Amino acid sequence: MFEAMITNTWLAGRTERLRVGSLVLCDSFRHPPSWPAEAVSIDQASGGRYELGIGWGSVPAELDTFGIGSLEPRVRLSRLRESLEIIKALWSGEALDYEGEHFSLHGAQQVPGPVGHIPIVIGGAGKGTMRLVAEHADWWNLHTHIVDKLDEMRPHAGKARCSLQAQVAFVPPSASRDEIEAVTRRRFGRTPTVGTAPELVDYFGSLQERGVERVYAWFCDFAEPDTLAAFGETVIREFGPATPTT
């Protein structure tokens, strides 16, 4: 897997309208003062198209493999809270003195600041995570594997807008549905949301009715560019033109 911030920089440099970001970066892998500088650099270079997706790390084995951070959820959640407080304070451009359980900063400052406002995306659905969503997030992102928590947790997201990361296997005209399902099962051991254009329009429409304003479609069947183009023409187009998200 490529490093996320470098990949986002590459994408931002080769696009003009696409918003770029990651779902989601693990807080434990970076010291908080590095987040604001990296995010602002991409934001400035892209004309304000960067969004910071951040989480406290839902794969303890990854932290154990690299010997980074704590395996205790409470500690990781507490660390993320401090990181978010530091990031937002540094984006203000003012000098920051900060004393926390995990971090200590004295006269820290981030200049230049963002082009405008860098949206923060927080993923997850635990009670502690939802408190951070309500306090700090512009977007709450829910993974497709825990979509059953959407209605239960939505009231706890505060003013954050709701997005969903969905595993999708699009069946374009003249394609073999069985073959596409087989590819996804080989890769993931399960079958994600599989459908033709009308089926996916109905599915995404049902999410919209439940308050989901954005879907991150993860094409786990190794969709070719022509397939993605067909998806745009037959599925995305049905939901009208994109609207600003900031």
# chains A, B, ... in the order shown; residues from 1 in each chain; ligands from 1
>>> residues_around(residues="Lys88 of chain A", least_positions_apart="5", cutoff="9 Å", atoms="only C-alpha atoms", output="PDB file with C-alpha atoms, in the first residue's frame")
ATOM      1  CA  PRO A  36      -1.617  20.304  10.309  1.00  0.00           C
ATOM      2  CA  SER A  83      -4.563  15.266  18.360  1.00  0.00           C
ATOM      3  CA  HIS A 136     -14.807  17.860  15.992  1.00  0.00           C
TER       4      HIS A 136
END
>>> select_by_dssp(residues="segment 124-216 of chain A", states="helix (DSSP H, G or I)", output="number ranges by chain")
A: 127-136, 144-157, 177-188, 197-209
>>> closest_residue(among="A:Pro155, A:Pro114, A:Gly123, A:Gly21", to="His143 of chain A", atoms="only C-alpha atoms")
A:Gly123
>>> atom_distance(atom1="atom CA of Tyr50 of chain A", atom2="atom CA of Pro33 of chain A")
17.3 Å
>>> residues_around(residues="segment 185-187 of chain A", least_positions_apart="6", cutoff="12 Å", atoms="only C-alpha atoms", output="list in words")
Gln167, Ala169, Asp178, Glu179, Thr193, Val194, Phe219, Cys220, Asp221 and Phe222 of chain A
>>> atom_distance(atom1="atom CA of Val59 of chain A", atom2="atom CA of Leu71 of chain A")
9.0 Å
>>> residues_around(residues="Phe204 of chain A", least_positions_apart="2", cutoff="10 Å", atoms="only C-alpha atoms", output="list in words")
Leu164, Ala166, Glu199, Leu200, Val201, Asp202, Ser206, Leu207, Gln208, Glu209, Arg210, Val212, Glu213, Arg214, Val215, Val235, Ile236 and Phe239 of chain A
>>> residues_around(residues="Gly67 of chain A", least_positions_apart="5", cutoff="12 Å", atoms="only C-alpha atoms", output="PyMOL selection string")
chain A and resi 28-29+60-62
>>> write_last_selection(atoms="N, CA, C and O atoms", output="compact mmCIF listing (two decimals), in the first residue's frame")
# COMPACT_ATOMS: atom_id res chain seq x y z
N SER A 28 -2.18 7.13 15.53
CA SER A 28 -0.98 6.66 16.23
C SER A 28 0.27 6.72 15.38
O SER A 28 1.39 6.68 15.90
N PHE A 29 0.12 6.80 14.06
CA PHE A 29 1.28 6.78 13.18
C PHE A 29 1.92 8.14 12.97
O PHE A 29 2.93 8.24 12.28
N PRO A 60 -5.63 -3.32 15.99
CA PRO A 60 -4.53 -3.39 16.96
C PRO A 60 -3.32 -4.17 16.46
O PRO A 60 -2.18 -3.84 16.81
N ALA A 61 -3.56 -5.20 15.65
CA ALA A 61 -2.44 -6.00 15.15
C ALA A 61 -1.46 -5.14 14.35
O ALA A 61 -0.25 -5.38 14.36
N GLU A 62 -1.98 -4.13 13.64
CA GLU A 62 -1.12 -3.24 12.87
C GLU A 62 -0.21 -2.44 13.79
O GLU A 62 0.98 -2.27 13.52
>>> closest_residue(among="A:Ile120, A:Asp64, A:Val115, A:Leu80", to="Glu101 of chain A", atoms="only C-alpha atoms")
A:Leu80
>>> residues_around(residues="Leu23 of chain A", least_positions_apart="6", cutoff="12 Å", atoms="only C-alpha atoms", output="list in words")
Ala4, Met5, Asn8, Glu51, Leu52, Gly53, Ile54, Gly55, Trp56, Gly57, Ser58, Ile120, Val121, Ile122, Gly123, Gly124, Trp139, Trp140, Asn141, Leu142, His143, Ser163, Leu164, Gln165, Ala166, Val215, Tyr216, Ala217 and Trp218 of chain A
>>> residues_around(residues="His117 of chain A", least_positions_apart="5", cutoff="10 Å", atoms="only C-alpha atoms", output="list in words")
Val40, Asp43, Gly48, Arg49, Tyr50, Glu51, Trp91 and Thr246 of chain A
>>> write_last_selection(atoms="N, CA and C atoms", output="CSV table (one decimal), in the first residue's frame")
chain,number,residue,atom,x,y,z
A,40,VAL,N,-2.3,21.2,5.5
A,40,VAL,CA,-2.3,22.5,4.9
A,40,VAL,C,-1.5,22.6,3.6
A,43,ASP,N,-3.7,21.1,1.0
A,43,ASP,CA,-4.8,22.0,0.8
A,43,ASP,C,-4.4,23.2,0.0
A,48,GLY,N,-7.6,24.2,-2.0
A,48,GLY,CA,-8.6,23.9,-1.0
A,48,GLY,C,-9.4,22.7,-1.2
A,49,ARG,N,-8.8,21.6,-1.7
A,49,ARG,CA,-9.6,20.4,-2.1
A,49,ARG,C,-9.2,19.2,-1.1
A,50,TYR,N,-8.5,19.5,0.0
A,50,TYR,CA,-8.1,18.4,0.8
A,50,TYR,C,-9.1,18.2,2.0
A,51,GLU,N,-9.3,17.0,2.4
A,51,GLU,CA,-10.1,16.7,3.6
A,51,GLU,C,-9.3,15.7,4.5
A,91,TRP,N,-4.3,25.1,13.1
A,91,TRP,CA,-4.9,25.6,11.9
A,91,TRP,C,-5.4,27.1,12.1
A,246,THR,N,-18.3,22.1,1.5
A,246,THR,CA,-17.7,22.9,2.6
A,246,THR,C,-18.4,24.2,2.6
>>> atom_distance(atom1="atom CA of Val133 of chain A", atom2="atom CA of Ala160 of chain A")
6.8 Å
>>> closest_residue(among="A:Ser34, A:Ser70, A:Ser41, A:Ser46", to="Leu90 of chain A", atoms="only C-alpha atoms")
A:Ser34
>>> select_by_dssp(residues="segment 20-131 of chain A", states="strand (DSSP E)", output="JSON, numbers by chain")
{"A": [25, 26, 52, 53, 54, 55, 96, 97, 98, 99, 104, 105, 106, 107, 108, 120, 121, 122, 123]}
>>> closest_residue(among="A:Lys127, A:Ala37, A:Ile42, A:Pro73", to="Ile86 of chain A", atoms="only C-alpha atoms")
A:Ala37
>>> closest_residue(among="A:Arg161, A:Arg74, A:His156, A:Arg177", to="Asp138 of chain A", atoms="only C-alpha atoms")
A:Arg161
>>> closest_residue(among="A:Ala230, A:Gly189, A:Leu77, A:Arg17", to="Gly128 of chain A", atoms="only C-alpha atoms")
A:Leu77
